[in-house]
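In what follows, a single structure is set out as structure tokens and then discussed.
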Amino acid sequence: MKILILNGPNLNLIGRREPEIYGTKSFGEFIDEVRQKYSGVEIDYRQSNHEGILIDVIQESDGVYDGIIFNPGAYAHTSIALADAIRSVKTPVVEVHLSNIYEREEFRRHSFTAEACVASIVGRGMCGYEDALDMLLGM
Ligand code: DQA
């Protein structure tokens with residue numbers, strides 16, 4: 001089983017960025033923990049602040065991974081191009097948001113990308129990535 005965790009813009013700053021919303025654990029620490037916990041699963045991790053690079057990564061992941069766990073960051077609320085990329089691949093994509101986007105500002109309450117995903121998990125912090133992993137492993 002091969003899974004890609006893909007993070008979008010500003011998620012490289014998790015652990016330092018708005019800790020009251022996103023927590024204090026860095027993504028590097030979390031990835032180490034998750035790789036130890038799911039030692040039988042090959043877990044790759046990519047992050048980009050650029051919409052086009054995220055689209056390239058999704059396109060190139062088709063057939064390579066059994067599933068993609070994707071936190072598009074703010075692009076969730078704006079990017080029809082990313083939603084189209086998700087729809088273009090056969091690999092199932094689960095969207096994750098650390099915070100509960102439906103309980104935050106109005107502009108965060110709609111996700112174009114979630115509409116293209118097989119599921120969306122919000123408001124569970126880093127546990128959301130594990131929930132998504134469990135979901136993909138069970139599929
Ligand atoms: C986020 C939610 C987005 O609205 C925000 O722009 C982010 C982080 C989350 O994980 O809660 O960058 O994707």
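Simple scheme: letters A, B, ... for chains in structure tokens order, numbers from 1 for residues in each chain, numbers from 1 for ligands in the order shown.
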Can you pull out the residues contacting region 107-124 of chain A? Cut-off 12 Å, using only C-alpha atoms, and skip same-chain residues under 3 positions away; I want them as a short mmCIF file (atom, residue, chain, number, x, y, z; two decimals) with all heavy atoms, in the first residue's frame.
data_model
loop_
_atom_site.label_atom_id
_atom_site.label_comp_id
_atom_site.auth_asym_id
_atom_site.auth_seq_id
_atom_site.Cartn_x
_atom_site.Cartn_y
_atom_site.Cartn_z
N GLY A 8 -0.85 21.73 0.92
CA GLY A 8 -0.81 22.95 0.12
C GLY A 8 -0.19 24.12 0.86
O GLY A 8 0.57 23.95 1.82
N ILE A 21 -4.90 27.88 16.40
CA ILE A 21 -5.83 27.22 15.46
C ILE A 21 -5.27 25.87 15.02
O ILE A 21 -5.99 24.87 14.98
CB ILE A 21 -6.08 28.10 14.20
CG1 ILE A 21 -6.70 29.43 14.58
CG2 ILE A 21 -6.98 27.36 13.19
CD1 ILE A 21 -6.86 30.40 13.42
N TYR A 22 -3.97 25.84 14.69
CA TYR A 22 -3.41 24.65 14.03
C TYR A 22 -2.51 23.79 14.92
O TYR A 22 -2.02 22.76 14.48
CB TYR A 22 -2.63 25.09 12.78
CG TYR A 22 -3.48 25.84 11.77
CD1 TYR A 22 -3.21 27.17 11.44
CD2 TYR A 22 -4.58 25.22 11.17
CE1 TYR A 22 -4.00 27.86 10.53
CE2 TYR A 22 -5.37 25.91 10.26
CZ TYR A 22 -5.07 27.23 9.94
OH TYR A 22 -5.86 27.89 9.05
N GLY A 23 -2.31 24.21 16.18
CA GLY A 23 -1.50 23.41 17.10
C GLY A 23 -0.01 23.73 17.01
O GLY A 23 0.41 24.57 16.20
N ILE A 55 -1.08 20.63 -8.75
CA ILE A 55 -1.78 19.98 -9.88
C ILE A 55 -0.86 18.94 -10.54
O ILE A 55 -1.28 17.81 -10.79
CB ILE A 55 -2.27 21.03 -10.90
CG1 ILE A 55 -3.38 21.88 -10.27
CG2 ILE A 55 -2.75 20.37 -12.20
CD1 ILE A 55 -3.75 23.11 -11.06
N GLY A 67 -3.78 5.91 -2.74
CA GLY A 67 -4.63 6.97 -2.24
C GLY A 67 -3.82 8.22 -1.96
O GLY A 67 -2.61 8.15 -1.74
N ILE A 68 -4.52 9.34 -2.01
CA ILE A 68 -3.88 10.63 -1.70
C ILE A 68 -4.67 11.28 -0.57
O ILE A 68 -5.90 11.33 -0.60
CB ILE A 68 -3.88 11.57 -2.93
CG1 ILE A 68 -3.16 10.92 -4.12
CG2 ILE A 68 -3.26 12.92 -2.58
CD1 ILE A 68 -3.28 11.71 -5.42
N ILE A 69 -3.94 11.76 0.43
CA ILE A 69 -4.54 12.54 1.51
C ILE A 69 -4.11 13.97 1.26
O ILE A 69 -2.91 14.28 1.24
CB ILE A 69 -4.05 12.03 2.89
CG1 ILE A 69 -4.46 10.57 3.07
CG2 ILE A 69 -4.60 12.91 4.01
CD1 ILE A 69 -3.78 9.88 4.24
N PHE A 70 -5.08 14.83 1.02
CA PHE A 70 -4.75 16.17 0.50
C PHE A 70 -5.34 17.26 1.39
O PHE A 70 -6.55 17.31 1.60
CB PHE A 70 -5.32 16.29 -0.93
CG PHE A 70 -4.99 17.56 -1.65
CD1 PHE A 70 -3.80 18.23 -1.43
CD2 PHE A 70 -5.87 18.09 -2.59
CE1 PHE A 70 -3.49 19.41 -2.12
CE2 PHE A 70 -5.58 19.24 -3.28
CZ PHE A 70 -4.39 19.91 -3.04
N ASN A 71 -4.45 18.10 1.89
CA ASN A 71 -4.91 19.34 2.54
C ASN A 71 -4.53 20.48 1.61
O ASN A 71 -3.37 20.88 1.53
CB ASN A 71 -4.24 19.52 3.91
CG ASN A 71 -4.79 20.74 4.64
OD1 ASN A 71 -5.40 21.61 4.02
ND2 ASN A 71 -4.57 20.81 5.94
N PRO A 72 -5.52 21.01 0.86
CA PRO A 72 -5.22 22.04 -0.12
C PRO A 72 -5.02 23.43 0.49
O PRO A 72 -4.79 24.40 -0.24
CB PRO A 72 -6.46 22.05 -1.03
CG PRO A 72 -7.39 21.01 -0.49
CD PRO A 72 -6.94 20.63 0.88
N GLY A 73 -5.12 23.55 1.84
CA GLY A 73 -5.03 24.87 2.47
C GLY A 73 -6.09 25.78 1.88
O GLY A 73 -7.20 25.34 1.54
N ALA A 74 -5.75 27.04 1.68
CA ALA A 74 -6.73 28.02 1.20
C ALA A 74 -7.18 27.75 -0.24
O ALA A 74 -8.24 28.24 -0.66
CB ALA A 74 -6.14 29.42 1.32
N TYR A 75 -6.40 26.97 -1.01
CA TYR A 75 -6.82 26.66 -2.37
C TYR A 75 -8.14 25.87 -2.40
O TYR A 75 -8.83 25.86 -3.42
CB TYR A 75 -5.76 25.85 -3.12
CG TYR A 75 -4.57 26.67 -3.57
CD1 TYR A 75 -3.27 26.15 -3.50
CD2 TYR A 75 -4.73 27.94 -4.11
CE1 TYR A 75 -2.17 26.89 -3.92
CE2 TYR A 75 -3.64 28.68 -4.53
CZ TYR A 75 -2.36 28.15 -4.44
OH TYR A 75 -1.28 28.88 -4.86
N ALA A 76 -8.48 25.22 -1.28
CA ALA A 76 -9.76 24.51 -1.22
C ALA A 76 -10.92 25.46 -1.55
O ALA A 76 -11.89 25.08 -2.19
CB ALA A 76 -9.97 23.93 0.19
N HIS A 77 -10.76 26.72 -1.13
CA HIS A 77 -11.87 27.67 -1.24
C HIS A 77 -11.87 28.43 -2.55
O HIS A 77 -12.77 29.22 -2.80
CB HIS A 77 -11.80 28.66 -0.07
CG HIS A 77 -11.43 28.02 1.24
ND1 HIS A 77 -12.20 27.01 1.79
CD2 HIS A 77 -10.38 28.19 2.08
CE1 HIS A 77 -11.62 26.61 2.92
NE2 HIS A 77 -10.52 27.31 3.11
N THR A 78 -10.82 28.21 -3.37
CA THR A 78 -10.70 29.03 -4.59
C THR A 78 -10.44 28.23 -5.86
O THR A 78 -10.70 28.74 -6.96
CB THR A 78 -9.51 30.03 -4.46
OG1 THR A 78 -8.30 29.27 -4.28
CG2 THR A 78 -9.71 30.98 -3.29
N SER A 79 -9.87 27.04 -5.75
CA SER A 79 -9.27 26.43 -6.94
C SER A 79 -10.13 25.38 -7.64
O SER A 79 -10.18 24.21 -7.24
CB SER A 79 -7.91 25.80 -6.59
OG SER A 79 -7.36 25.23 -7.75
N ILE A 80 -10.74 25.81 -8.73
CA ILE A 80 -11.47 24.87 -9.58
C ILE A 80 -10.46 24.02 -10.35
O ILE A 80 -10.71 22.85 -10.65
CB ILE A 80 -12.41 25.66 -10.51
CG1 ILE A 80 -13.52 26.29 -9.64
CG2 ILE A 80 -13.04 24.78 -11.59
CD1 ILE A 80 -14.32 27.36 -10.31
N ALA A 81 -9.27 24.58 -10.62
CA ALA A 81 -8.23 23.82 -11.33
C ALA A 81 -7.78 22.62 -10.50
O ALA A 81 -7.59 21.51 -11.05
CB ALA A 81 -7.04 24.72 -11.64
N LEU A 82 -7.64 22.80 -9.21
CA LEU A 82 -7.27 21.66 -8.36
C LEU A 82 -8.40 20.64 -8.27
O LEU A 82 -8.17 19.43 -8.30
CB LEU A 82 -6.87 22.14 -6.96
CG LEU A 82 -5.39 22.47 -6.77
CD1 LEU A 82 -5.15 23.22 -5.48
CD2 LEU A 82 -4.55 21.20 -6.81
N ALA A 83 -9.64 21.13 -8.20
CA ALA A 83 -10.79 20.22 -8.18
C ALA A 83 -10.82 19.40 -9.47
O ALA A 83 -11.05 18.19 -9.44
CB ALA A 83 -12.09 21.01 -8.00
N ASP A 84 -10.54 20.05 -10.61
CA ASP A 84 -10.51 19.33 -11.90
C ASP A 84 -9.39 18.29 -11.91
O ASP A 84 -9.58 17.19 -12.43
CB ASP A 84 -10.30 20.32 -13.06
CG ASP A 84 -11.57 21.08 -13.41
OD1 ASP A 84 -12.66 20.69 -12.94
OD2 ASP A 84 -11.47 22.07 -14.16
N ALA A 85 -8.24 18.64 -11.33
CA ALA A 85 -7.11 17.68 -11.29
C ALA A 85 -7.51 16.46 -10.47
O ALA A 85 -7.24 15.32 -10.87
CB ALA A 85 -5.87 18.35 -10.68
N ILE A 86 -8.17 16.67 -9.35
CA ILE A 86 -8.61 15.54 -8.50
C ILE A 86 -9.59 14.66 -9.29
O ILE A 86 -9.51 13.44 -9.26
CB ILE A 86 -9.25 16.07 -7.19
CG1 ILE A 86 -8.20 16.79 -6.34
CG2 ILE A 86 -9.90 14.93 -6.40
CD1 ILE A 86 -8.76 17.62 -5.21
N ARG A 87 -10.49 15.31 -10.03
CA ARG A 87 -11.48 14.54 -10.82
C ARG A 87 -10.82 13.80 -11.98
O ARG A 87 -11.38 12.85 -12.51
CB ARG A 87 -12.55 15.48 -11.39
CG ARG A 87 -13.53 15.95 -10.35
CD ARG A 87 -14.78 16.59 -10.98
NE ARG A 87 -15.67 17.03 -9.92
CZ ARG A 87 -15.67 18.26 -9.41
NH1 ARG A 87 -14.85 19.18 -9.88
NH2 ARG A 87 -16.50 18.58 -8.44
N SER A 88 -9.64 14.25 -12.39
CA SER A 88 -8.96 13.66 -13.56
C SER A 88 -8.22 12.37 -13.25
O SER A 88 -7.77 11.69 -14.17
CB SER A 88 -7.94 14.64 -14.14
OG SER A 88 -8.56 15.86 -14.43
N VAL A 89 -8.03 12.08 -11.96
CA VAL A 89 -7.25 10.87 -11.61
C VAL A 89 -8.16 9.81 -11.01
O VAL A 89 -9.19 10.12 -10.40
CB VAL A 89 -6.07 11.21 -10.64
CG1 VAL A 89 -5.07 12.14 -11.32
CG2 VAL A 89 -6.56 11.79 -9.33
N LYS A 90 -7.72 8.55 -11.20
CA LYS A 90 -8.51 7.44 -10.65
C LYS A 90 -8.20 7.20 -9.17
O LYS A 90 -8.98 6.64 -8.44
CB LYS A 90 -8.24 6.17 -11.46
CG LYS A 90 -8.94 6.19 -12.83
CD LYS A 90 -8.76 4.90 -13.59
CE LYS A 90 -7.43 4.75 -14.28
NZ LYS A 90 -7.04 5.76 -15.25
N THR A 91 -7.01 7.64 -8.75
CA THR A 91 -6.59 7.46 -7.35
C THR A 91 -7.56 8.21 -6.42
O THR A 91 -7.82 9.40 -6.64
CB THR A 91 -5.16 8.02 -7.17
OG1 THR A 91 -4.33 7.41 -8.14
CG2 THR A 91 -4.62 7.77 -5.78
N PRO A 92 -8.10 7.51 -5.40
CA PRO A 92 -9.02 8.22 -4.49
C PRO A 92 -8.29 9.29 -3.66
O PRO A 92 -7.19 9.06 -3.17
CB PRO A 92 -9.58 7.12 -3.59
CG PRO A 92 -8.65 5.96 -3.73
CD PRO A 92 -7.95 6.09 -5.06
N VAL A 93 -8.92 10.44 -3.55
CA VAL A 93 -8.34 11.56 -2.79
C VAL A 93 -9.27 11.88 -1.62
O VAL A 93 -10.48 12.06 -1.80
CB VAL A 93 -8.16 12.81 -3.69
CG1 VAL A 93 -7.51 13.94 -2.89
CG2 VAL A 93 -7.34 12.49 -4.94
N VAL A 94 -8.70 11.91 -0.42
CA VAL A 94 -9.45 12.31 0.78
C VAL A 94 -8.94 13.68 1.20
O VAL A 94 -7.73 13.87 1.37
CB VAL A 94 -9.27 11.29 1.93
CG1 VAL A 94 -10.00 11.76 3.18
CG2 VAL A 94 -9.77 9.91 1.52
N GLU A 95 -9.84 14.61 1.35
CA GLU A 95 -9.44 15.96 1.78
C GLU A 95 -9.40 16.04 3.31
O GLU A 95 -10.27 15.49 3.99
CB GLU A 95 -10.43 16.99 1.24
CG GLU A 95 -10.09 18.43 1.66
CD GLU A 95 -10.69 19.46 0.73
OE1 GLU A 95 -10.49 19.36 -0.50
OE2 GLU A 95 -11.36 20.38 1.23
N VAL A 96 -8.39 16.72 3.80
CA VAL A 96 -8.26 16.92 5.25
C VAL A 96 -8.03 18.41 5.52
O VAL A 96 -7.28 19.07 4.81
CB VAL A 96 -7.07 16.10 5.81
CG1 VAL A 96 -6.74 16.52 7.24
CG2 VAL A 96 -7.37 14.60 5.78
N HIS A 97 -8.72 18.92 6.52
CA HIS A 97 -8.40 20.25 7.06
C HIS A 97 -8.19 20.11 8.56
O HIS A 97 -9.03 19.48 9.24
CB HIS A 97 -9.53 21.25 6.79
CG HIS A 97 -9.66 21.60 5.34
ND1 HIS A 97 -8.83 22.49 4.72
CD2 HIS A 97 -10.51 21.13 4.40
CE1 HIS A 97 -9.17 22.57 3.44
NE2 HIS A 97 -10.18 21.76 3.22
N LEU A 98 -7.12 20.69 9.05
CA LEU A 98 -6.84 20.63 10.49
C LEU A 98 -7.96 21.28 11.29
O LEU A 98 -8.41 20.74 12.30
CB LEU A 98 -5.52 21.36 10.78
CG LEU A 98 -4.26 20.73 10.16
CD1 LEU A 98 -3.15 21.75 10.05
CD2 LEU A 98 -3.82 19.55 11.00
N SER A 99 -8.38 22.44 10.82
CA SER A 99 -9.44 23.18 11.53
C SER A 99 -10.80 22.82 10.93
O SER A 99 -10.87 22.26 9.83
CB SER A 99 -9.18 24.69 11.39
OG SER A 99 -9.26 25.06 10.02
N ASN A 100 -11.85 23.17 11.67
CA ASN A 100 -13.19 22.95 11.13
C ASN A 100 -13.58 24.15 10.28
O ASN A 100 -14.04 25.16 10.78
CB ASN A 100 -14.19 22.74 12.26
CG ASN A 100 -15.57 22.37 11.73
OD1 ASN A 100 -15.84 22.52 10.53
ND2 ASN A 100 -16.44 21.92 12.60
N ILE A 101 -13.37 24.01 8.97
CA ILE A 101 -13.59 25.14 8.05
C ILE A 101 -15.05 25.61 8.05
O ILE A 101 -15.33 26.75 7.70
CB ILE A 101 -13.15 24.80 6.60
CG1 ILE A 101 -13.83 23.53 6.08
CG2 ILE A 101 -11.63 24.67 6.52
CD1 ILE A 101 -13.60 23.25 4.59
N TYR A 102 -15.95 24.71 8.49
CA TYR A 102 -17.38 25.07 8.47
C TYR A 102 -17.79 25.92 9.67
O TYR A 102 -18.90 26.43 9.75
CB TYR A 102 -18.24 23.80 8.37
CG TYR A 102 -17.86 23.01 7.15
CD1 TYR A 102 -17.18 21.79 7.25
CD2 TYR A 102 -18.12 23.51 5.87
CE1 TYR A 102 -16.79 21.09 6.13
CE2 TYR A 102 -17.72 22.82 4.74
CZ TYR A 102 -17.06 21.61 4.87
OH TYR A 102 -16.65 20.93 3.74
N GLU A 103 -16.85 26.06 10.63
CA GLU A 103 -17.15 26.89 11.81
C GLU A 103 -16.26 28.13 11.84
O GLU A 103 -16.15 28.78 12.87
CB GLU A 103 -16.94 26.07 13.09
CG GLU A 103 -18.03 25.05 13.29
CD GLU A 103 -17.87 24.26 14.57
OE1 GLU A 103 -16.81 24.36 15.23
OE2 GLU A 103 -18.83 23.55 14.91
N ARG A 104 -15.60 28.42 10.72
CA ARG A 104 -14.72 29.58 10.69
C ARG A 104 -15.33 30.69 9.82
O ARG A 104 -16.55 30.75 9.69
CB ARG A 104 -13.33 29.15 10.22
CG ARG A 104 -12.68 28.16 11.19
CD ARG A 104 -11.29 27.78 10.76
NE ARG A 104 -10.40 28.95 10.74
CZ ARG A 104 -9.18 28.95 10.20
NH1 ARG A 104 -8.70 27.85 9.66
NH2 ARG A 104 -8.43 30.04 10.22
N CYS A 127 -4.96 14.34 13.75
CA CYS A 127 -5.69 13.05 13.75
C CYS A 127 -6.49 12.87 12.47
O CYS A 127 -6.74 11.73 12.05
CB CYS A 127 -6.67 12.96 14.93
SG CYS A 127 -5.85 12.94 16.51
N GLY A 128 -6.86 13.96 11.83
CA GLY A 128 -7.62 13.88 10.59
C GLY A 128 -6.85 13.14 9.51
O GLY A 128 -7.44 12.42 8.69
N TYR A 129 -5.51 13.31 9.48
CA TYR A 129 -4.70 12.60 8.49
C TYR A 129 -4.72 11.10 8.77
O TYR A 129 -4.73 10.29 7.85
CB TYR A 129 -3.25 13.11 8.50
CG TYR A 129 -3.09 14.52 7.96
CD1 TYR A 129 -3.26 15.63 8.79
CD2 TYR A 129 -2.75 14.75 6.64
CE1 TYR A 129 -3.09 16.93 8.31
CE2 TYR A 129 -2.58 16.03 6.14
CZ TYR A 129 -2.76 17.12 6.99
OH TYR A 129 -2.60 18.39 6.51
N GLU A 130 -4.70 10.74 10.06
CA GLU A 130 -4.76 9.31 10.41
C GLU A 130 -6.13 8.73 10.07
O GLU A 130 -6.23 7.61 9.58
CB GLU A 130 -4.44 9.10 11.89
CG GLU A 130 -2.99 9.36 12.21
CD GLU A 130 -2.61 8.93 13.61
OE1 GLU A 130 -3.19 7.94 14.12
OE2 GLU A 130 -1.75 9.60 14.21
N ASP A 131 -7.18 9.52 10.33
CA ASP A 131 -8.54 9.07 9.97
C ASP A 131 -8.60 8.80 8.47
O ASP A 131 -9.17 7.80 8.02
CB ASP A 131 -9.58 10.13 10.32
CG ASP A 131 -9.73 10.35 11.81
OD1 ASP A 131 -9.25 9.51 12.59
OD2 ASP A 131 -10.32 11.38 12.20
N ALA A 132 -8.01 9.70 7.68
CA ALA A 132 -8.02 9.56 6.22
C ALA A 132 -7.24 8.31 5.80
O ALA A 132 -7.66 7.58 4.91
CB ALA A 132 -7.43 10.81 5.57
N LEU A 133 -6.12 8.09 6.48
CA LEU A 133 -5.30 6.91 6.20
C LEU A 133 -6.09 5.63 6.49
O LEU A 133 -6.13 4.70 5.67
CB LEU A 133 -4.04 6.99 7.07
CG LEU A 133 -2.79 6.20 6.73
CD1 LEU A 133 -2.46 6.23 5.25
CD2 LEU A 133 -1.62 6.77 7.53
N ASP A 134 -6.74 5.60 7.65
CA ASP A 134 -7.56 4.43 8.01
C ASP A 134 -8.65 4.21 6.96
O ASP A 134 -8.93 3.07 6.57
CB ASP A 134 -8.20 4.63 9.39
CG ASP A 134 -7.17 4.60 10.51
OD1 ASP A 134 -6.09 4.01 10.31
OD2 ASP A 134 -7.44 5.18 11.58
N MET A 135 -9.24 5.31 6.50
CA MET A 135 -10.31 5.21 5.51
C MET A 135 -9.77 4.62 4.20
O MET A 135 -10.36 3.70 3.63
CB MET A 135 -10.86 6.62 5.27
CG MET A 135 -12.06 6.68 4.36
SD MET A 135 -12.63 8.39 4.21
CE MET A 135 -13.39 8.60 5.79
N LEU A 136 -8.62 5.11 3.75
CA LEU A 136 -8.04 4.62 2.49
C LEU A 136 -7.59 3.18 2.62
O LEU A 136 -7.74 2.38 1.69
CB LEU A 136 -6.86 5.52 2.07
CG LEU A 136 -7.26 6.89 1.52
CD1 LEU A 136 -6.05 7.82 1.44
CD2 LEU A 136 -7.93 6.78 0.16
N MET A 139 -10.45 0.82 2.14
CA MET A 139 -11.18 0.86 0.85
C MET A 139 -10.79 -0.29 -0.07
O MET A 139 -9.66 -0.73 -0.08
CB MET A 139 -10.91 2.19 0.14
CG MET A 139 -11.83 3.27 0.64
SD MET A 139 -11.39 4.89 0.03
CE MET A 139 -11.94 4.76 -1.65
#
Practice task
List every residue of region 1-100 of chain A that DSSP, applied to the backbone of this structure, places in strand (DSSP E), and write the result as a list of chain:residue names.
Solution key: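 In region 1-100 of chain A, DSSP puts these residues in strand (DSSP E): A:Lys2, A:Ile3, A:Leu4, A:Ile5, A:Leu6, A:Asn7, A:Glu42, A:Ile43, A:Asp44, A:Tyr45, A:Arg46, A:Gln47, A:Gly67, A:Ile68, A:Ile69, A:Phe70, A:Asn71, A:Val93, A:Val94, A:Glu95, A:Val96, A:His97.
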Exercise for the section: Taking the chain letters and numbering used in this document, name the residues of chain A that DSSP puts in helix (DSSP H, G or I), as a PyMOL selection string. Expected result: chain A and resi 11-13+19-22+27-37+51-61+73-77+80-88+101-103+106-108+114-116+127-137
Problem - Counting only C-alpha atoms and all ligand atoms, the option among A:Ile31, A:Leu6, A:Val64, A:Leu11 closest to ligand 1 - result: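 Among the listed residues, A:Leu11 lies closest to ligand 1.
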Exercise for the section: Report the distance between atom 7 (C, counted along the ligand's line) of ligand 1 and CA of Glu18 (chain A) in Å, rounded to one decimal place. Expected result: 10.1 Å
Practice task
Rank A:Tyr65, A:Arg17, A:Ile5, A:Glu105 by their smallest atom-to-atom distance to Arg35 (chain A), using only C-alpha atoms, and report the top residue only.
Solution key: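 Among the listed residues, the smallest separation from Arg35 (chain A) belongs to A:Ile5.
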Practice task
Take CA of Tyr45 (chain A) and atom 7 (C, counted along the ligand's line) of ligand 1 and report the distance between them in Å, one decimal.
Solution key: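 Computing the Euclidean distance for CA of Tyr45 (chain A) and atom 7 (C, counted along the ligand's line) of ligand 1 yields 17.3 Å.
The residue that comes closest to ligand 1, out of A:Asp66, A:Val34, A:Asn49, A:Leu54 and on the basis of only C-alpha atoms and all ligand atoms, is A:Asn49.
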